[in-house]
$ cat model.cif   # mmCIF, N, CA and C atoms
data_structure
#
loop_
_atom_site.group_PDB
_atom_site.id
_atom_site.type_symbol
_atom_site.label_atom_id
_atom_site.label_comp_id
_atom_site.auth_asym_id
_atom_site.auth_seq_id
_atom_site.Cartn_x
_atom_site.Cartn_y
_atom_site.Cartn_z
ATOM 1 N N MET A 1 33.477 -17.246 36.498
ATOM 2 C CA MET A 1 32.103 -16.841 36.330
ATOM 3 C C MET A 1 32.056 -15.428 35.762
ATOM 4 N N SER A 2 31.234 -15.204 34.781
ATOM 5 C CA SER A 2 31.079 -13.872 34.214
ATOM 6 C C SER A 2 29.598 -13.561 34.035
ATOM 7 N N GLN A 3 29.320 -12.283 33.872
ATOM 8 C CA GLN A 3 27.944 -11.824 33.752
ATOM 9 C C GLN A 3 27.905 -10.606 32.847
ATOM 10 N N LYS A 4 26.892 -10.509 32.001
ATOM 11 C CA LYS A 4 26.708 -9.330 31.156
ATOM 12 C C LYS A 4 26.265 -8.155 32.013
ATOM 13 N N ALA A 5 26.699 -6.960 31.629
ATOM 14 C CA ALA A 5 26.335 -5.755 32.376
ATOM 15 C C ALA A 5 26.425 -4.547 31.463
ATOM 16 N N SER A 6 25.861 -3.455 31.921
ATOM 17 C CA SER A 6 26.033 -2.158 31.278
ATOM 18 C C SER A 6 26.898 -1.307 32.191
ATOM 19 N N LYS A 7 27.769 -0.511 31.586
ATOM 20 C CA LYS A 7 28.585 0.412 32.375
ATOM 21 C C LYS A 7 28.127 1.824 32.049
ATOM 22 N N LEU A 8 27.693 2.539 33.078
ATOM 23 C CA LEU A 8 27.321 3.933 32.957
ATOM 24 C C LEU A 8 28.490 4.771 33.459
ATOM 25 N N VAL A 9 28.876 5.762 32.673
ATOM 26 C CA VAL A 9 29.924 6.696 33.066
ATOM 27 C C VAL A 9 29.298 8.083 33.150
ATOM 28 N N ILE A 10 29.518 8.745 34.271
ATOM 29 C CA ILE A 10 29.030 10.105 34.472
ATOM 30 C C ILE A 10 30.223 10.966 34.859
ATOM 31 N N VAL A 11 30.452 12.040 34.117
ATOM 32 C CA VAL A 11 31.488 13.013 34.461
ATOM 33 C C VAL A 11 30.766 14.316 34.758
ATOM 34 N N THR A 12 30.996 14.853 35.944
ATOM 35 C CA THR A 12 30.312 16.076 36.338
ATOM 36 C C THR A 12 31.145 16.818 37.378
ATOM 37 N N GLU A 13 30.615 17.907 37.870
ATOM 38 C CA GLU A 13 31.338 18.739 38.816
ATOM 39 C C GLU A 13 31.451 18.075 40.187
ATOM 40 N N LYS A 14 32.625 18.254 40.809
ATOM 41 C CA LYS A 14 32.906 17.606 42.093
ATOM 42 C C LYS A 14 31.895 17.995 43.171
ATOM 43 N N VAL A 15 31.354 19.190 43.103
ATOM 44 C CA VAL A 15 30.388 19.651 44.096
ATOM 45 C C VAL A 15 29.144 18.751 44.146
ATOM 46 N N LEU A 16 28.889 17.990 43.076
ATOM 47 C CA LEU A 16 27.716 17.118 43.006
ATOM 48 C C LEU A 16 27.996 15.690 43.462
ATOM 49 N N LEU A 17 29.183 15.399 43.912
ATOM 50 C CA LEU A 17 29.586 14.023 44.228
ATOM 51 C C LEU A 17 28.573 13.314 45.125
ATOM 52 N N LYS A 18 28.248 13.869 46.253
ATOM 53 C CA LYS A 18 27.343 13.199 47.199
ATOM 54 C C LYS A 18 25.927 13.085 46.645
ATOM 55 N N LYS A 19 25.481 14.086 45.905
ATOM 56 C CA LYS A 19 24.124 14.062 45.354
ATOM 57 C C LYS A 19 23.990 13.001 44.262
ATOM 58 N N VAL A 20 25.000 12.894 43.405
ATOM 59 C CA VAL A 20 24.969 11.864 42.355
ATOM 60 C C VAL A 20 25.068 10.477 42.984
ATOM 61 N N ALA A 21 25.944 10.324 43.974
ATOM 62 C CA ALA A 21 26.073 9.036 44.657
ATOM 63 C C ALA A 21 24.743 8.606 45.277
ATOM 64 N N LYS A 22 24.017 9.548 45.837
ATOM 65 C CA LYS A 22 22.720 9.241 46.449
ATOM 66 C C LYS A 22 21.738 8.726 45.403
ATOM 67 N N ILE A 23 21.705 9.355 44.231
ATOM 68 C CA ILE A 23 20.814 8.901 43.160
ATOM 69 C C ILE A 23 21.180 7.482 42.731
ATOM 70 N N ILE A 24 22.473 7.229 42.557
ATOM 71 C CA ILE A 24 22.931 5.890 42.155
ATOM 72 C C ILE A 24 22.421 4.843 43.136
ATOM 73 N N GLU A 25 22.576 5.119 44.418
ATOM 74 C CA GLU A 25 22.150 4.171 45.448
ATOM 75 C C GLU A 25 20.631 4.033 45.498
ATOM 76 N N GLU A 26 19.906 5.142 45.372
ATOM 77 C CA GLU A 26 18.441 5.094 45.425
ATOM 78 C C GLU A 26 17.843 4.302 44.274
ATOM 79 N N VAL A 27 18.467 4.377 43.105
ATOM 80 C CA VAL A 27 17.957 3.629 41.955
ATOM 81 C C VAL A 27 18.222 2.135 42.112
ATOM 82 N N GLY A 28 19.239 1.766 42.900
ATOM 83 C CA GLY A 28 19.450 0.352 43.186
ATOM 84 C C GLY A 28 20.767 -0.244 42.734
ATOM 85 N N ALA A 29 21.673 0.566 42.220
ATOM 86 C CA ALA A 29 22.983 0.032 41.861
ATOM 87 C C ALA A 29 23.704 -0.399 43.134
ATOM 88 N N THR A 30 24.459 -1.467 43.048
ATOM 89 C CA THR A 30 25.109 -2.015 44.240
ATOM 90 C C THR A 30 26.435 -1.343 44.563
ATOM 91 N N GLY A 31 26.925 -0.507 43.668
ATOM 92 C CA GLY A 31 28.178 0.188 43.940
ATOM 93 C C GLY A 31 28.608 1.013 42.751
ATOM 94 N N TYR A 32 29.718 1.719 42.940
ATOM 95 C CA TYR A 32 30.262 2.565 41.891
ATOM 96 C C TYR A 32 31.712 2.864 42.220
ATOM 97 N N THR A 33 32.433 3.336 41.218
ATOM 98 C CA THR A 33 33.792 3.835 41.401
ATOM 99 C C THR A 33 33.769 5.308 41.048
ATOM 100 N N VAL A 34 34.424 6.129 41.849
ATOM 101 C CA VAL A 34 34.488 7.557 41.571
ATOM 102 C C VAL A 34 35.946 7.991 41.648
ATOM 103 N N MET A 35 36.347 8.851 40.708
ATOM 104 C CA MET A 35 37.733 9.311 40.653
ATOM 105 C C MET A 35 37.771 10.764 40.199
ATOM 106 N N PRO A 36 38.842 11.480 40.545
ATOM 107 C CA PRO A 36 38.961 12.854 40.070
ATOM 108 C C PRO A 36 39.098 12.887 38.554
ATOM 109 N N ALA A 37 38.583 13.941 37.938
ATOM 110 C CA ALA A 37 38.650 14.056 36.482
ATOM 111 C C ALA A 37 38.887 15.511 36.097
ATOM 112 N N GLY A 38 39.550 15.708 34.994
ATOM 113 C CA GLY A 38 39.764 17.027 34.428
ATOM 114 C C GLY A 38 39.730 16.915 32.924
ATOM 115 N N GLY A 39 39.638 18.027 32.262
ATOM 116 C CA GLY A 39 39.623 18.005 30.808
ATOM 117 C C GLY A 39 38.977 19.245 30.252
ATOM 118 N N LYS A 40 38.590 19.158 28.994
ATOM 119 C CA LYS A 40 37.989 20.294 28.319
ATOM 120 C C LYS A 40 36.750 19.835 27.579
ATOM 121 N N GLY A 41 35.702 20.651 27.658
ATOM 122 C CA GLY A 41 34.458 20.351 26.969
ATOM 123 C C GLY A 41 33.810 21.633 26.494
ATOM 124 N N SER A 42 32.523 21.563 26.225
ATOM 125 C CA SER A 42 31.809 22.721 25.687
ATOM 126 C C SER A 42 31.777 23.900 26.656
ATOM 127 N N ARG A 43 31.989 23.644 27.921
ATOM 128 C CA ARG A 43 32.010 24.724 28.915
ATOM 129 C C ARG A 43 33.430 25.140 29.278
ATOM 130 N N GLY A 44 34.411 24.713 28.496
ATOM 131 C CA GLY A 44 35.802 25.113 28.708
ATOM 132 C C GLY A 44 36.593 24.097 29.510
ATOM 133 N N VAL A 45 37.794 24.503 29.944
ATOM 134 C CA VAL A 45 38.674 23.651 30.740
ATOM 135 C C VAL A 45 38.108 23.553 32.147
ATOM 136 N N ARG A 46 38.020 22.334 32.675
ATOM 137 C CA ARG A 46 37.437 22.104 33.994
ATOM 138 C C ARG A 46 38.454 21.443 34.913
ATOM 139 N N SER A 47 39.377 22.201 35.453
ATOM 140 C CA SER A 47 40.305 21.624 36.421
ATOM 141 C C SER A 47 41.266 22.673 36.934
ATOM 142 N N GLY A 48 40.770 23.726 37.484
ATOM 143 C CA GLY A 48 41.632 24.769 38.005
ATOM 144 C C GLY A 48 42.440 25.451 36.921
ATOM 145 N N GLY A 49 41.957 25.431 35.684
ATOM 146 C CA GLY A 49 42.628 26.116 34.596
ATOM 147 C C GLY A 49 43.553 25.245 33.771
ATOM 148 N N GLN A 50 43.883 24.074 34.254
ATOM 149 C CA GLN A 50 44.778 23.182 33.523
ATOM 150 C C GLN A 50 44.148 21.796 33.432
ATOM 151 N N PRO A 51 44.307 21.104 32.304
ATOM 152 C CA PRO A 51 43.794 19.733 32.209
ATOM 153 C C PRO A 51 44.670 18.800 33.044
ATOM 154 N N THR A 52 44.156 18.370 34.177
ATOM 155 C CA THR A 52 44.900 17.519 35.098
ATOM 156 C C THR A 52 43.976 16.470 35.683
ATOM 157 N N VAL A 53 44.533 15.444 36.274
ATOM 158 C CA VAL A 53 43.712 14.440 36.934
ATOM 159 C C VAL A 53 44.032 14.339 38.415
ATOM 160 N N GLY A 54 44.955 15.115 38.905
ATOM 161 C CA GLY A 54 45.268 15.098 40.327
ATOM 162 C C GLY A 54 44.115 15.647 41.148
ATOM 163 N N ASP A 55 43.804 15.024 42.276
ATOM 164 C CA ASP A 55 42.655 15.407 43.082
ATOM 165 C C ASP A 55 42.763 16.838 43.610
ATOM 166 N N THR A 56 43.949 17.359 43.780
ATOM 167 C CA THR A 56 44.122 18.692 44.335
ATOM 168 C C THR A 56 43.460 19.752 43.478
ATOM 169 N N PHE A 57 43.544 19.624 42.161
ATOM 170 C CA PHE A 57 43.039 20.658 41.270
ATOM 171 C C PHE A 57 41.801 20.242 40.490
ATOM 172 N N ALA A 58 41.422 18.992 40.547
ATOM 173 C CA ALA A 58 40.309 18.509 39.738
ATOM 174 C C ALA A 58 39.003 19.150 40.163
ATOM 175 N N ALA A 59 38.310 19.729 39.204
ATOM 176 C CA ALA A 59 37.012 20.340 39.467
ATOM 177 C C ALA A 59 35.884 19.357 39.179
ATOM 178 N N ASN A 60 36.201 18.242 38.533
ATOM 179 C CA ASN A 60 35.205 17.255 38.138
ATOM 180 C C ASN A 60 35.477 15.909 38.792
ATOM 181 N N VAL A 61 34.450 15.068 38.768
ATOM 182 C CA VAL A 61 34.589 13.672 39.174
ATOM 183 C C VAL A 61 34.017 12.795 38.073
ATOM 184 N N LYS A 62 34.521 11.584 38.004
ATOM 185 C CA LYS A 62 34.046 10.597 37.031
ATOM 186 C C LYS A 62 33.538 9.389 37.805
ATOM 187 N N PHE A 63 32.264 9.075 37.606
ATOM 188 C CA PHE A 63 31.657 7.887 38.189
ATOM 189 C C PHE A 63 31.635 6.780 37.142
ATOM 190 N N GLU A 64 31.930 5.565 37.543
ATOM 191 C CA GLU A 64 31.718 4.380 36.723
ATOM 192 C C GLU A 64 30.808 3.461 37.520
ATOM 193 N N ILE A 65 29.664 3.136 36.932
ATOM 194 C CA ILE A 65 28.656 2.337 37.611
ATOM 195 C C ILE A 65 28.330 1.125 36.756
ATOM 196 N N LEU A 66 28.492 -0.067 37.296
ATOM 197 C CA LEU A 66 28.081 -1.279 36.597
ATOM 198 C C LEU A 66 26.653 -1.600 37.009
ATOM 199 N N THR A 67 25.805 -1.826 36.030
ATOM 200 C CA THR A 67 24.416 -2.169 36.305
ATOM 201 C C THR A 67 24.090 -3.485 35.612
ATOM 202 N N PRO A 68 23.164 -4.244 36.173
ATOM 203 C CA PRO A 68 22.837 -5.542 35.576
ATOM 204 C C PRO A 68 22.076 -5.432 34.260
ATOM 205 N N ASN A 69 21.558 -4.225 33.962
ATOM 206 C CA ASN A 69 20.826 -4.046 32.712
ATOM 207 C C ASN A 69 20.878 -2.584 32.280
ATOM 208 N N ARG A 70 20.573 -2.359 31.022
ATOM 209 C CA ARG A 70 20.591 -1.012 30.452
ATOM 210 C C ARG A 70 19.534 -0.109 31.094
ATOM 211 N N GLU A 71 18.392 -0.679 31.437
ATOM 212 C CA GLU A 71 17.298 0.114 31.993
ATOM 213 C C GLU A 71 17.726 0.832 33.278
ATOM 214 N N MET A 72 18.451 0.147 34.158
ATOM 215 C CA MET A 72 18.904 0.781 35.391
ATOM 216 C C MET A 72 19.902 1.895 35.089
ATOM 217 N N ALA A 73 20.797 1.655 34.151
ATOM 218 C CA ALA A 73 21.781 2.674 33.777
ATOM 219 C C ALA A 73 21.085 3.917 33.222
ATOM 220 N N VAL A 74 20.096 3.722 32.371
ATOM 221 C CA VAL A 74 19.360 4.847 31.794
ATOM 222 C C VAL A 74 18.584 5.592 32.875
ATOM 223 N N LYS A 75 18.006 4.880 33.813
ATOM 224 C CA LYS A 75 17.253 5.525 34.891
ATOM 225 C C LYS A 75 18.165 6.420 35.736
ATOM 226 N N ILE A 76 19.352 5.938 36.071
ATOM 227 C CA ILE A 76 20.314 6.749 36.832
ATOM 228 C C ILE A 76 20.709 7.969 36.014
ATOM 229 N N SER A 77 21.078 7.756 34.762
ATOM 230 C CA SER A 77 21.509 8.843 33.893
ATOM 231 C C SER A 77 20.419 9.897 33.724
ATOM 232 N N ASP A 78 19.194 9.462 33.480
ATOM 233 C CA ASP A 78 18.085 10.397 33.292
ATOM 234 C C ASP A 78 17.851 11.237 34.543
ATOM 235 N N GLU A 79 17.932 10.622 35.704
ATOM 236 C CA GLU A 79 17.694 11.343 36.950
ATOM 237 C C GLU A 79 18.801 12.365 37.222
ATOM 238 N N VAL A 80 20.050 11.963 37.013
ATOM 239 C CA VAL A 80 21.175 12.891 37.208
ATOM 240 C C VAL A 80 21.061 14.058 36.227
ATOM 241 N N ALA A 81 20.797 13.762 34.968
ATOM 242 C CA ALA A 81 20.687 14.820 33.960
ATOM 243 C C ALA A 81 19.533 15.773 34.276
ATOM 244 N N ALA A 82 18.393 15.231 34.659
ATOM 245 C CA ALA A 82 17.228 16.067 34.950
ATOM 246 C C ALA A 82 17.478 17.000 36.135
ATOM 247 N N GLN A 83 18.179 16.501 37.140
ATOM 248 C CA GLN A 83 18.399 17.311 38.340
ATOM 249 C C GLN A 83 19.540 18.310 38.208
ATOM 250 N N PHE A 84 20.572 17.984 37.379
ATOM 251 C CA PHE A 84 21.795 18.786 37.460
ATOM 252 C C PHE A 84 22.341 19.351 36.155
ATOM 253 N N PHE A 85 22.112 18.729 35.025
ATOM 254 C CA PHE A 85 22.859 19.111 33.825
ATOM 255 C C PHE A 85 22.412 20.431 33.197
ATOM 256 N N ASP A 86 21.299 20.986 33.606
ATOM 257 C CA ASP A 86 20.932 22.324 33.124
ATOM 258 C C ASP A 86 21.780 23.407 33.785
ATOM 259 N N ASN A 87 22.232 23.141 34.996
ATOM 260 C CA ASN A 87 22.944 24.156 35.775
ATOM 261 C C ASN A 87 24.405 23.827 36.063
ATOM 262 N N TYR A 88 24.822 22.600 35.799
ATOM 263 C CA TYR A 88 26.198 22.161 36.048
ATOM 264 C C TYR A 88 26.719 21.452 34.807
ATOM 265 N N SER A 89 28.043 21.470 34.645
ATOM 266 C CA SER A 89 28.606 20.724 33.522
ATOM 267 C C SER A 89 28.474 19.232 33.813
ATOM 268 N N GLY A 90 28.286 18.464 32.761
ATOM 269 C CA GLY A 90 28.170 17.025 32.943
ATOM 270 C C GLY A 90 27.913 16.310 31.643
ATOM 271 N N ILE A 91 28.294 15.041 31.622
ATOM 272 C CA ILE A 91 28.028 14.155 30.489
ATOM 273 C C ILE A 91 27.852 12.749 31.039
ATOM 274 N N ALA A 92 27.029 11.977 30.375
ATOM 275 C CA ALA A 92 26.828 10.580 30.758
ATOM 276 C C ALA A 92 26.799 9.737 29.492
ATOM 277 N N TYR A 93 27.385 8.546 29.575
ATOM 278 C CA TYR A 93 27.322 7.622 28.447
ATOM 279 C C TYR A 93 27.309 6.186 28.950
ATOM 280 N N ILE A 94 26.759 5.301 28.106
ATOM 281 C CA ILE A 94 26.587 3.897 28.476
ATOM 282 C C ILE A 94 27.371 3.015 27.522
ATOM 283 N N CYS A 95 28.049 2.035 28.082
ATOM 284 C CA CYS A 95 28.710 0.982 27.309
ATOM 285 C C CYS A 95 27.885 -0.286 27.531
ATOM 286 N N ASP A 96 27.182 -0.740 26.493
ATOM 287 C CA ASP A 96 26.266 -1.871 26.660
ATOM 288 C C ASP A 96 26.923 -3.244 26.644
ATOM 289 N N VAL A 97 27.822 -3.464 25.734
ATOM 290 C CA VAL A 97 28.377 -4.799 25.582
ATOM 291 C C VAL A 97 29.580 -4.929 26.499
ATOM 292 N N MET A 98 29.334 -5.530 27.634
ATOM 293 C CA MET A 98 30.383 -5.669 28.627
ATOM 294 C C MET A 98 30.185 -6.973 29.357
ATOM 295 N N GLU A 99 31.275 -7.628 29.634
ATOM 296 C CA GLU A 99 31.222 -8.859 30.400
ATOM 297 C C GLU A 99 32.044 -8.658 31.660
ATOM 298 N N VAL A 100 31.406 -8.800 32.796
ATOM 299 C CA VAL A 100 32.077 -8.618 34.076
ATOM 300 C C VAL A 100 32.647 -9.969 34.497
ATOM 301 N N LEU A 101 33.948 -10.015 34.696
ATOM 302 C CA LEU A 101 34.606 -11.243 35.140
ATOM 303 C C LEU A 101 34.582 -11.317 36.656
ATOM 304 N N HIS A 102 34.524 -12.505 37.184
ATOM 305 C CA HIS A 102 34.521 -12.702 38.629
ATOM 306 C C HIS A 102 33.380 -11.928 39.272
ATOM 307 N N ALA A 103 32.201 -12.079 38.728
ATOM 308 C CA ALA A 103 31.044 -11.272 39.122
ATOM 309 C C ALA A 103 30.240 -11.908 40.249
ATOM 310 N N HIS A 104 30.826 -12.732 41.075
ATOM 311 C CA HIS A 104 30.054 -13.449 42.090
ATOM 312 C C HIS A 104 29.376 -12.542 43.106
ATOM 313 N N THR A 105 29.850 -11.314 43.272
ATOM 314 C CA THR A 105 29.187 -10.404 44.198
ATOM 315 C C THR A 105 28.549 -9.222 43.485
ATOM 316 N N PHE A 106 28.485 -9.249 42.179
ATOM 317 C CA PHE A 106 27.943 -8.127 41.401
ATOM 318 C C PHE A 106 26.437 -8.166 41.398
#

$ encode --input "model.cif" --output "structure tokens"
Amino acid sequence: MSQKASKLVIVTEKVLLKKVAKIIEEVGATGYTVMPAGGKGSRGVRSGGQPTVGDTFAANVKFEILTPNREMAVKISDEVAAQFFDNYSGIAYICDVMEVLHAHTF
């Protein structure tokens, strides 16, 4: 069994982890995956000075959220951006064409 979905990816500062998770849940997504992230962007290197993905030094987190439609993904992204991206580093992007396999609980 498979189902079409949109995948929203949000990369932002680790300090926002609980606040972003709360928005995701309030909008109605049934779950998400979060992992440590590091790298370089317009605000410089974000990971204790070195580009790394180890949780010990990672200053950022990466959320991956599967939503049943683009509208929910955009609503989450808009809310996170409005609340945090003026004052914290962050980026969000959507992958529209996605097929979730084994989606019986999605």

$ residues_around --input "model.cif" --residues "A:Val61" --least-positions-apart "4" --cutoff "7 Å" --atoms "all atoms listed in the file" --output "mmCIF file with N, CA and C atoms, keeping the file's coordinate frame"
data_model
loop_
_atom_site.group_PDB
_atom_site.id
_atom_site.type_symbol
_atom_site.label_atom_id
_atom_site.label_comp_id
_atom_site.auth_asym_id
_atom_site.auth_seq_id
_atom_site.Cartn_x
_atom_site.Cartn_y
_atom_site.Cartn_z
ATOM 1 N N ILE A 10 29.518 8.745 34.271
ATOM 2 C CA ILE A 10 29.030 10.105 34.472
ATOM 3 C C ILE A 10 30.223 10.966 34.859
ATOM 4 N N VAL A 11 30.452 12.040 34.117
ATOM 5 C CA VAL A 11 31.488 13.013 34.461
ATOM 6 C C VAL A 11 30.766 14.316 34.758
ATOM 7 N N THR A 12 30.996 14.853 35.944
ATOM 8 C CA THR A 12 30.312 16.076 36.338
ATOM 9 C C THR A 12 31.145 16.818 37.378
ATOM 10 N N GLU A 13 30.615 17.907 37.870
ATOM 11 C CA GLU A 13 31.338 18.739 38.816
ATOM 12 C C GLU A 13 31.451 18.075 40.187
ATOM 13 N N LYS A 14 32.625 18.254 40.809
ATOM 14 C CA LYS A 14 32.906 17.606 42.093
ATOM 15 C C LYS A 14 31.895 17.995 43.171
ATOM 16 N N VAL A 15 31.354 19.190 43.103
ATOM 17 C CA VAL A 15 30.388 19.651 44.096
ATOM 18 C C VAL A 15 29.144 18.751 44.146
ATOM 19 N N VAL A 34 34.424 6.129 41.849
ATOM 20 C CA VAL A 34 34.488 7.557 41.571
ATOM 21 C C VAL A 34 35.946 7.991 41.648
ATOM 22 N N MET A 35 36.347 8.851 40.708
ATOM 23 C CA MET A 35 37.733 9.311 40.653
ATOM 24 C C MET A 35 37.771 10.764 40.199
ATOM 25 N N PRO A 36 38.842 11.480 40.545
ATOM 26 C CA PRO A 36 38.961 12.854 40.070
ATOM 27 C C PRO A 36 39.098 12.887 38.554
ATOM 28 N N ALA A 37 38.583 13.941 37.938
ATOM 29 C CA ALA A 37 38.650 14.056 36.482
ATOM 30 C C ALA A 37 38.887 15.511 36.097
ATOM 31 N N GLY A 38 39.550 15.708 34.994
ATOM 32 C CA GLY A 38 39.764 17.027 34.428
ATOM 33 C C GLY A 38 39.730 16.915 32.924
#

$ resolve_selection --input "model.cif" --expression "the PyMOL selection byres (((chain A and resi 31 and name CA) around 12) and name CA)" --output "ChimeraX atom specification"
/A:7-8,21-30,32-34,63-68,105-106

$ atom_distance --input "model.cif" --atom1 "atom N of A:His102" --atom2 "atom N of A:Val9"
19.6 Å

$ atom_distance --input "model.cif" --atom1 "atom C of A:Asn69" --atom2 "atom C of A:Val100"
14.1 Å

$ closest_residue --input "model.cif" --among "A:Lys19, A:Ser2, A:Ser77, A:Gly41" --to "A:Tyr93" --atoms "all atoms listed in the file"
A:Ser77

$ atom_distance --input "model.cif" --atom1 "atom CA of A:Cys95" --atom2 "atom N of A:Val74"
10.4 Å

$ select_by_dssp --input "model.cif" --residues "chain A" --states "helix (DSSP H, G or I)" --output "PyMOL selection string"
chain A and resi 14-27+70-84

$ select_by_dssp --input "model.cif" --residues "stretch 17-102 of chain A" --states "strand (DSSP E or B)" --output "MDAnalysis selection string"
chainID A and resid 33:37 40:41 44:45 60:67 90:101

$ write_last_selection --input "model.cif" --atoms "N, CA and C atoms" --output "mmCIF file, in the frame of the given file"
data_model
loop_
_atom_site.group_PDB
_atom_site.id
_atom_site.type_symbol
_atom_site.label_atom_id
_atom_site.label_comp_id
_atom_site.auth_asym_id
_atom_site.auth_seq_id
_atom_site.Cartn_x
_atom_site.Cartn_y
_atom_site.Cartn_z
ATOM 1 N N THR A 33 32.433 3.336 41.218
ATOM 2 C CA THR A 33 33.792 3.835 41.401
ATOM 3 C C THR A 33 33.769 5.308 41.048
ATOM 4 N N VAL A 34 34.424 6.129 41.849
ATOM 5 C CA VAL A 34 34.488 7.557 41.571
ATOM 6 C C VAL A 34 35.946 7.991 41.648
ATOM 7 N N MET A 35 36.347 8.851 40.708
ATOM 8 C CA MET A 35 37.733 9.311 40.653
ATOM 9 C C MET A 35 37.771 10.764 40.199
ATOM 10 N N PRO A 36 38.842 11.480 40.545
ATOM 11 C CA PRO A 36 38.961 12.854 40.070
ATOM 12 C C PRO A 36 39.098 12.887 38.554
ATOM 13 N N ALA A 37 38.583 13.941 37.938
ATOM 14 C CA ALA A 37 38.650 14.056 36.482
ATOM 15 C C ALA A 37 38.887 15.511 36.097
ATOM 16 N N LYS A 40 38.590 19.158 28.994
ATOM 17 C CA LYS A 40 37.989 20.294 28.319
ATOM 18 C C LYS A 40 36.750 19.835 27.579
ATOM 19 N N GLY A 41 35.702 20.651 27.658
ATOM 20 C CA GLY A 41 34.458 20.351 26.969
ATOM 21 C C GLY A 41 33.810 21.633 26.494
ATOM 22 N N GLY A 44 34.411 24.713 28.496
ATOM 23 C CA GLY A 44 35.802 25.113 28.708
ATOM 24 C C GLY A 44 36.593 24.097 29.510
ATOM 25 N N VAL A 45 37.794 24.503 29.944
ATOM 26 C CA VAL A 45 38.674 23.651 30.740
ATOM 27 C C VAL A 45 38.108 23.553 32.147
ATOM 28 N N ASN A 60 36.201 18.242 38.533
ATOM 29 C CA ASN A 60 35.205 17.255 38.138
ATOM 30 C C ASN A 60 35.477 15.909 38.792
ATOM 31 N N VAL A 61 34.450 15.068 38.768
ATOM 32 C CA VAL A 61 34.589 13.672 39.174
ATOM 33 C C VAL A 61 34.017 12.795 38.073
ATOM 34 N N LYS A 62 34.521 11.584 38.004
ATOM 35 C CA LYS A 62 34.046 10.597 37.031
ATOM 36 C C LYS A 62 33.538 9.389 37.805
ATOM 37 N N PHE A 63 32.264 9.075 37.606
ATOM 38 C CA PHE A 63 31.657 7.887 38.189
ATOM 39 C C PHE A 63 31.635 6.780 37.142
ATOM 40 N N GLU A 64 31.930 5.565 37.543
ATOM 41 C CA GLU A 64 31.718 4.380 36.723
ATOM 42 C C GLU A 64 30.808 3.461 37.520
ATOM 43 N N ILE A 65 29.664 3.136 36.932
ATOM 44 C CA ILE A 65 28.656 2.337 37.611
ATOM 45 C C ILE A 65 28.330 1.125 36.756
ATOM 46 N N LEU A 66 28.492 -0.067 37.296
ATOM 47 C CA LEU A 66 28.081 -1.279 36.597
ATOM 48 C C LEU A 66 26.653 -1.600 37.009
ATOM 49 N N THR A 67 25.805 -1.826 36.030
ATOM 50 C CA THR A 67 24.416 -2.169 36.305
ATOM 51 C C THR A 67 24.090 -3.485 35.612
ATOM 52 N N GLY A 90 28.286 18.464 32.761
ATOM 53 C CA GLY A 90 28.170 17.025 32.943
ATOM 54 C C GLY A 90 27.913 16.310 31.643
ATOM 55 N N ILE A 91 28.294 15.041 31.622
ATOM 56 C CA ILE A 91 28.028 14.155 30.489
ATOM 57 C C ILE A 91 27.852 12.749 31.039
ATOM 58 N N ALA A 92 27.029 11.977 30.375
ATOM 59 C CA ALA A 92 26.828 10.580 30.758
ATOM 60 C C ALA A 92 26.799 9.737 29.492
ATOM 61 N N TYR A 93 27.385 8.546 29.575
ATOM 62 C CA TYR A 93 27.322 7.622 28.447
ATOM 63 C C TYR A 93 27.309 6.186 28.950
ATOM 64 N N ILE A 94 26.759 5.301 28.106
ATOM 65 C CA ILE A 94 26.587 3.897 28.476
ATOM 66 C C ILE A 94 27.371 3.015 27.522
ATOM 67 N N CYS A 95 28.049 2.035 28.082
ATOM 68 C CA CYS A 95 28.710 0.982 27.309
ATOM 69 C C CYS A 95 27.885 -0.286 27.531
ATOM 70 N N ASP A 96 27.182 -0.740 26.493
ATOM 71 C CA ASP A 96 26.266 -1.871 26.660
ATOM 72 C C ASP A 96 26.923 -3.244 26.644
ATOM 73 N N VAL A 97 27.822 -3.464 25.734
ATOM 74 C CA VAL A 97 28.377 -4.799 25.582
ATOM 75 C C VAL A 97 29.580 -4.929 26.499
ATOM 76 N N MET A 98 29.334 -5.530 27.634
ATOM 77 C CA MET A 98 30.383 -5.669 28.627
ATOM 78 C C MET A 98 30.185 -6.973 29.357
ATOM 79 N N GLU A 99 31.275 -7.628 29.634
ATOM 80 C CA GLU A 99 31.222 -8.859 30.400
ATOM 81 C C GLU A 99 32.044 -8.658 31.660
ATOM 82 N N VAL A 100 31.406 -8.800 32.796
ATOM 83 C CA VAL A 100 32.077 -8.618 34.076
ATOM 84 C C VAL A 100 32.647 -9.969 34.497
ATOM 85 N N LEU A 101 33.948 -10.015 34.696
ATOM 86 C CA LEU A 101 34.606 -11.243 35.140
ATOM 87 C C LEU A 101 34.582 -11.317 36.656
#
